[in-house]
Amino acid sequence: MLCPSPCSRPRSTLAAFCIVAASACQSYNDRIELPLRDFERGDFARAAEQFADRQVTGSEFLSGVEAGTTAFVDGDFERALGHFHAAEEHARETEERALLGGESLAEMLTTFFINEGHAAYVGEGYERAMLHAMLGLSYLALGRLDDVQVEARRIDDLLTSEEELYGSSYGAGGMAHLLSALSYELRGEPSEAYIDYERLYEKGIAPELVGAALARLSVTLGRDVELQRWVSEFGEHEPVPADWPSIVVIGGLGMGPAKFEERIDIALSNGIFSWAVPAFGEGKAPTRHLELDFPQHDRRVRTSELEYVTAVAKENLDDRIAWLATRSAIRGVLKRELAVQLSKNDNDVVATIGAVLAVVSLFSERADLRTWRTLPDTWVAARAFLPPGEPTEVVLSECGGDSIPLGQFRLEPGETMFVFARSLQSGLVAHVIGGERIMES
């Protein structure tokens, strides 16, 4: 049996370190470039298949949320639920820590790794909240109202935990309260829905949508004093007959932001010290609003902003940046010191490893750029009430952009029809839940 010579051992060690360094250079953005491109151009089946491959994303959580979002946009709500539940299971321990309180989550955040990217990724705090928003939307599409309520409460609890941990106020939670309000209305509990709309009002979210809802429900509940308050603040709203059905559109606009690396390399007398943290770029959206147009009724409603995902993502990361910067700095010091000590060793092999480590440490300290890329830049919503029983043509459009006819529908008294939409660079995608579609003769 042949044994490697003393000279070959350093060379093999150098090769191994170089392989590690090279693998560290491929970021999450590089790995998902192809499926993300398929998603943006509307090839959802192909994108979902690639995202679901753990070898592509490198993360069970990200495979679940990316594939789940893609299936949702494609209108396959059952498949979307399966992917989202897989991601939820992977993030469960971290989520439970967050719900236990700030100290438990802070304990986890002080854990150190050779590189952030080598740790299992379970989502930023806002991403875990968005996971439950997507679960809630999927349940709403499937008519599972009790499950919608569970997810709405989970979103609120997680956002509250994040805000308490960092002493921040994200102005988020619009999706949670709207999902809860809609599910209460569908269950015939207007007083509970009113509470959720009030919370949206208190947060300053979607005032056009919320003002109309509060005025309408004040009439339903016989709250004349409160009706006068909303009329005074939002102006007169056209009364809505009790039996009129409605159409609700909930849409995602564009693509949320990608992370990039902010890096500092400092030349020292005995080598280079590296420090790296992630930062978010800007999201992108082809429009800021969607519109539902009803040509036969000469009526059009425009969406209100429900959740500015890009802004929340940036604020949440800014709150965590101190943890990340501290961990990066300490890792850099420890790796630098280890390399120096090894390079001073009398053993040539050990000294060579130290020299190689000094080089590799420069490359191994990389910011973790993993993030949920298929989330939209912004969530928007609108609601329109129409006369029952009449054939109604519905057109969905981007303000200043793409427009798609959804078809003609007849709605029963009191019925609620949903339109789940996504605005991408390749155009609008929409799925209608409810209503009786009238086929053209």
# chains A, B, ... in the order shown; residues from 1 in each chain; ligands from 1
$ select_by_dssp --residues "region 146-207 of chain A" --states "helix (DSSP H, G or I)" --output "JSON, numbers by chain"
{"A": [146, 147, 148, 149, 150, 151, 152, 153, 154, 155, 156, 157, 158, 159, 160, 161, 162, 163, 164, 165, 166, 174, 175, 176, 177, 178, 179, 180, 181, 182, 183, 184, 185, 186, 190, 191, 192, 193, 194, 195, 196, 197, 198, 199, 200, 201, 202, 207]}
$ closest_atom_pairs --of "region 382-413 of chain A" --to "region 280-297 of chain A" --cutoff "10 Å" --atoms "only C-alpha atoms" --output "JSON lines"
{"residue": "A:Ala382", "atom": "CA", "partner": "A:Glu291", "partner_atom": "CA", "distance": 8.2}
{"residue": "A:Arg383", "atom": "CA", "partner": "A:Leu292", "partner_atom": "CA", "distance": 8.7}
{"residue": "A:Ala384", "atom": "CA", "partner": "A:Leu292", "partner_atom": "CA", "distance": 8.2}
{"residue": "A:Leu386", "atom": "CA", "partner": "A:His297", "partner_atom": "CA", "distance": 8.5}
{"residue": "A:Pro387", "atom": "CA", "partner": "A:His297", "partner_atom": "CA", "distance": 9.5}
{"residue": "A:Glu390", "atom": "CA", "partner": "A:Gln296", "partner_atom": "CA", "distance": 9.9}
{"residue": "A:Pro391", "atom": "CA", "partner": "A:Gln296", "partner_atom": "CA", "distance": 8.8}
{"residue": "A:Thr392", "atom": "CA", "partner": "A:Gln296", "partner_atom": "CA", "distance": 6.7}
{"residue": "A:Glu393", "atom": "CA", "partner": "A:Phe294", "partner_atom": "CA", "distance": 5.8}
{"residue": "A:Val394", "atom": "CA", "partner": "A:Phe294", "partner_atom": "CA", "distance": 5.2}
{"residue": "A:Val395", "atom": "CA", "partner": "A:Asp293", "partner_atom": "CA", "distance": 5.0}
{"residue": "A:Leu396", "atom": "CA", "partner": "A:Leu292", "partner_atom": "CA", "distance": 4.8}
{"residue": "A:Ser397", "atom": "CA", "partner": "A:Glu291", "partner_atom": "CA", "distance": 5.3}
{"residue": "A:Glu398", "atom": "CA", "partner": "A:Leu290", "partner_atom": "CA", "distance": 4.6}
{"residue": "A:Cys399", "atom": "CA", "partner": "A:His289", "partner_atom": "CA", "distance": 5.7}
{"residue": "A:Gly400", "atom": "CA", "partner": "A:Thr287", "partner_atom": "CA", "distance": 7.2}
{"residue": "A:Gly401", "atom": "CA", "partner": "A:Thr287", "partner_atom": "CA", "distance": 7.1}
{"residue": "A:Asp402", "atom": "CA", "partner": "A:Pro286", "partner_atom": "CA", "distance": 9.2}
{"residue": "A:Ser403", "atom": "CA", "partner": "A:Glu291", "partner_atom": "CA", "distance": 9.1}
{"residue": "A:Pro405", "atom": "CA", "partner": "A:Asp293", "partner_atom": "CA", "distance": 9.2}
{"residue": "A:Leu406", "atom": "CA", "partner": "A:Leu292", "partner_atom": "CA", "distance": 9.8}
{"residue": "A:Gln408", "atom": "CA", "partner": "A:Phe294", "partner_atom": "CA", "distance": 9.7}
$ write_last_selection --atoms "C-alpha atoms" --output "mmCIF file, in the first residue's frame"
data_model
loop_
_atom_site.group_PDB
_atom_site.id
_atom_site.type_symbol
_atom_site.label_atom_id
_atom_site.label_comp_id
_atom_site.auth_asym_id
_atom_site.auth_seq_id
_atom_site.Cartn_x
_atom_site.Cartn_y
_atom_site.Cartn_z
ATOM 1 C CA ALA A 382 -59.460 45.836 -3.279
ATOM 2 C CA ARG A 383 -63.142 44.984 -2.973
ATOM 3 C CA ALA A 384 -66.134 45.830 -5.150
ATOM 4 C CA LEU A 386 -72.196 44.574 -7.381
ATOM 5 C CA PRO A 387 -75.901 43.815 -7.959
ATOM 6 C CA GLU A 390 -76.709 40.146 -13.238
ATOM 7 C CA PRO A 391 -74.077 38.964 -15.749
ATOM 8 C CA THR A 392 -70.965 40.984 -14.982
ATOM 9 C CA GLU A 393 -67.902 41.280 -17.170
ATOM 10 C CA VAL A 394 -64.707 41.534 -15.119
ATOM 11 C CA VAL A 395 -61.391 42.866 -16.391
ATOM 12 C CA LEU A 396 -58.198 42.932 -14.315
ATOM 13 C CA SER A 397 -55.432 45.326 -15.257
ATOM 14 C CA GLU A 398 -52.186 46.868 -14.100
ATOM 15 C CA CYS A 399 -52.282 50.641 -13.855
ATOM 16 C CA GLY A 400 -50.490 51.640 -17.024
ATOM 17 C CA GLY A 401 -49.690 48.066 -17.986
ATOM 18 C CA ASP A 402 -51.081 44.659 -18.857
ATOM 19 C CA SER A 403 -54.814 43.938 -18.913
ATOM 20 C CA PRO A 405 -60.352 39.810 -19.277
ATOM 21 C CA LEU A 406 -61.378 37.392 -16.536
ATOM 22 C CA GLN A 408 -68.398 37.123 -17.381
#
$ residues_around --residues "Arg373 (chain A)" --least-positions-apart "4" --cutoff "10 Å" --atoms "only C-alpha atoms" --output "MDAnalysis selection string"
chainID A and resid 28:29 32 36 62 65:66 69 255:259 283 377
$ residues_around --residues "region 188-196 of chain A" --least-positions-apart "5" --cutoff "8 Å" --atoms "only C-alpha atoms" --output "VMD selection string"
chain A and resid 177 to 178 180 to 183 213 to 214 217 220 to 221
$ closest_residue --among "A:Leu200, A:Leu34, A:Val148, A:Ala120" --to "Phe51 (chain A)" --atoms "only C-alpha atoms"
A:Leu34
$ closest_residue --among "A:Gly173, A:Gln149, A:Leu306, A:Thr371" --to "Ser59 (chain A)" --atoms "only C-alpha atoms"
A:Thr371
$ atom_distance --atom1 "CA of Arg437 (chain A)" --atom2 "CA of Val249 (chain A)"
16.6 Å
$ atom_distance --atom1 "CA of Val312 (chain A)" --atom2 "CA of Glu198 (chain A)"
21.3 Å
$ closest_residue --among "A:Ala276, A:Ala141, A:Ala313, A:Met439" --to "Leu159 (chain A)" --atoms "only C-alpha atoms"
A:Ala313
$ closest_residue --among "A:Arg366, A:Arg92, A:Gly75, A:Ala133" --to "Arg153 (chain A)" --atoms "only C-alpha atoms"
A:Ala133
$ residues_around --residues "region 206-212 of chain A" --least-positions-apart "4" --cutoff "9 Å" --atoms "only C-alpha atoms" --output "list of chain:residue names"
A:Gly174, A:Tyr197, A:Glu198, A:Leu200, A:Tyr201, A:Arg216, A:Leu217, A:Trp230, A:Val231, A:Glu233, A:Phe234, A:Gly235, A:Glu236, A:His237, A:Glu238, A:Thr303, A:Ser304, A:Glu305, A:Leu306, A:Glu307, A:Val380, A:Ala381, A:Ala382, A:Arg383
$ atom_distance --atom1 "CA of Pro376 (chain A)" --atom2 "CA of Val309 (chain A)"
6.9 Å
$ closest_residue --among "A:Glu436, A:Val429, A:Gly125, A:Ser232" --to "Asp318 (chain A)" --atoms "only C-alpha atoms"
A:Gly125
